[in-house]
Amino acid sequence: MAVPRPIEQFQLGGRALPPCAAPLAWRVLQMDIRGGNAIAAFMKLYGSYNSPFARHCRVALIQAGLPWEFVETDATGAAKRSPTQKVPFLEDGDLKLTDSSSILKHIRDRSAAPFLPTVSSLERYCMVNTALDACVNIFLLERYDRLRVSDSAYLTRQQARITSTFRELEAGPLPTALPLGDDDLRLACFLDWALFRKRIDLDEFPSLMALLSLAREDQAFAATAPVP
Ligand SMILES: N[C@@H](CCC(=O)N[C@@H](CS)C(=O)NCC(=O)O)C(=O)O
């Protein structure tokens with residue numbers, strides 16, 4: 001049986017509206033009347049609930065407190081609507097963004113919040129992303145082509161990349177208090193997804209597990225947890 005999903009599309013100021021209030025609020029939110037012209041005032045994020053990239057964008061949207069809609073989209077939908085054929089992608093009026101990083105930059109800008117303000121935070125975010133891409137690549141090859149890491153020299157290299165990145169991140173420094181920056185949020189989205197998909201074992205990486213536990217104390221992060 002299908003598991004009911006949280007109604008994120010009716011977020012207002014970070015609070016989910018009850019379903020009965022949502023349709024009216026939804027219509028009101030769509031309109032920003034200026035000089036008699038109605039303009040769209042909400043963003044549409046296309047993605048899947050369990051994508052770690054889309055989750056990071058959902059966390060940022062909840063934190064920003066801006067009106068937005070989540071449009072659940074599978075690989076076929078992504079192939080039709082985005083040139084990269086990946087999720088997430090975002091529409092904000094005429095603006096179309098096809099990567100979680102540009103989406104995050106846009107959301108943070110719209111809410112006057114910083115996005116990876118230092119070279120070291122950008123570097124850390126990129127490093128995490130490289131390992132996350134490798135892990136998603138391994139996962140999708142297994143799912144689509146039944147290809148296992150042990151069957152492929154390149155996938156063995158991808159797996160080694162993930163392990164060496166985790167070792168580097170485990171050595172720290174890691175944050176001990178909220179709020180997390182986008183580098184650590186990306187890492188937490190990665191770790192939670194990889195545990196959910198049984199891609200990693202964090203026994204060897206207690207500091208990374210501590211970071212994930214800290215992230216789970218964040219309301220927006222907790223509200224967007226992967227759903228089996
Ligand atoms: N660089 C992209 C990566 C997004 C990505 O890999 N998304 C996965 C889902 S988690 C996807 O759509 N994969 C489909 C495919 O590879 O065909 C981003 O940051 O948004």
# chains A, B, ... in the order shown; residues from 1 in each chain; ligands from 1

call {"tool": "residues_around", "arguments": {"residues": "Asp74 in chain A", "least_positions_apart": "3", "cutoff": "12 Å", "atoms": "only C-alpha atoms", "output": "list of chain:residue names"}}
result
A:Tyr46, A:Gly47, A:Ser48, A:Tyr49, A:Asn50, A:Ser51, A:Val71, A:Gly77, A:Ala78, A:Ala79, A:Lys80, A:Arg81, A:Ser82, A:Gln85, A:Lys86, A:Val87, A:Pro88, A:Phe89

call {"tool": "select_by_dssp", "arguments": {"residues": "range 28-213 of chain A", "states": "alpha helix (DSSP H)", "output": "VMD selection string"}}
result
chain A and resid 28 to 30 52 to 64 75 to 81 100 to 110 119 to 145 153 to 170 182 to 196 206 to 213

call {"tool": "residues_around", "arguments": {"residues": "Leu122 in chain A", "least_positions_apart": "6", "cutoff": "12 Å", "atoms": "only C-alpha atoms", "output": "list in words"}}
result
Ser101, Lys105, Pro114, Phe115, Leu116, Val128, Asn129, Gly181, Asp182, Asp183, Asp184 and Arg186 of chain A

call {"tool": "atom_distance", "arguments": {"atom1": "CA of Cys57 in chain A", "atom2": "CA of Ile103 in chain A"}}
result
6.9 Å

call {"tool": "residues_around", "arguments": {"residues": "Val136 in chain A", "least_positions_apart": "2", "cutoff": "12 Å", "atoms": "only C-alpha atoms", "output": "ChimeraX atom specification"}}
result
/A:50-53,86,129-134,138-144,155,158-159,162,190-191,193-194,197-200

call {"tool": "write_last_selection", "arguments": {"atoms": "C-alpha atoms", "output": "PDB file, in the first residue's frame"}}
result
ATOM      1  CA  ASN A  50      14.137  10.023  -1.530  1.00  0.00           C
ATOM      2  CA  SER A  51      16.676  11.880  -3.677  1.00  0.00           C
ATOM      3  CA  PRO A  52      19.420  13.266  -1.385  1.00  0.00           C
ATOM      4  CA  PHE A  53      19.920  16.200  -3.794  1.00  0.00           C
ATOM      5  CA  LYS A  86      17.885  14.321 -13.526  1.00  0.00           C
ATOM      6  CA  ASN A 129      29.230  15.900  -3.779  1.00  0.00           C
ATOM      7  CA  THR A 130      31.903  13.916  -5.632  1.00  0.00           C
ATOM      8  CA  ALA A 131      31.492  11.012  -3.226  1.00  0.00           C
ATOM      9  CA  LEU A 132      27.687  11.306  -3.334  1.00  0.00           C
ATOM     10  CA  ASP A 133      27.698  11.239  -7.153  1.00  0.00           C
ATOM     11  CA  ALA A 134      29.893   8.112  -7.030  1.00  0.00           C
ATOM     12  CA  ILE A 138      26.942   2.663  -8.051  1.00  0.00           C
ATOM     13  CA  PHE A 139      23.354   2.461  -6.801  1.00  0.00           C
ATOM     14  CA  LEU A 140      21.794   3.213 -10.210  1.00  0.00           C
ATOM     15  CA  LEU A 141      24.073   0.839 -12.127  1.00  0.00           C
ATOM     16  CA  GLU A 142      23.099  -1.915  -9.733  1.00  0.00           C
ATOM     17  CA  ARG A 143      19.412  -1.020 -10.067  1.00  0.00           C
ATOM     18  CA  TYR A 144      19.280  -0.531 -13.863  1.00  0.00           C
ATOM     19  CA  LEU A 155      32.973   0.935  -9.956  1.00  0.00           C
ATOM     20  CA  GLN A 158      34.147   4.757  -7.396  1.00  0.00           C
ATOM     21  CA  GLN A 159      33.748   2.739  -4.180  1.00  0.00           C
ATOM     22  CA  ILE A 162      33.693   7.090  -1.301  1.00  0.00           C
ATOM     23  CA  PHE A 190      24.202  11.921   1.733  1.00  0.00           C
ATOM     24  CA  LEU A 191      24.738   9.886   4.923  1.00  0.00           C
ATOM     25  CA  TRP A 193      20.278   8.452   2.043  1.00  0.00           C
ATOM     26  CA  ALA A 194      23.225   6.005   1.978  1.00  0.00           C
ATOM     27  CA  ARG A 197      19.673   2.534   0.754  1.00  0.00           C
ATOM     28  CA  LYS A 198      22.071   0.289   2.702  1.00  0.00           C
ATOM     29  CA  ARG A 199      25.060   1.666   0.816  1.00  0.00           C
ATOM     30  CA  ILE A 200      27.268   2.338   3.858  1.00  0.00           C
TER      31      ILE A 200
END

call {"tool": "atom_distance", "arguments": {"atom1": "CA of Asp94 in chain A", "atom2": "CA of Asp109 in chain A"}}
result
16.6 Å

call {"tool": "closest_residue", "arguments": {"among": "A:Cys189, A:Leu147, A:Val119, A:Leu180", "to": "ligand 1", "atoms": "only C-alpha atoms and all ligand atoms"}}
result
A:Cys189

call {"tool": "atom_distance", "arguments": {"atom1": "atom 1 (N, counted along the ligand's line) of ligand 1", "atom2": "CA of Asp99 in chain A"}}
result
5.3 Å
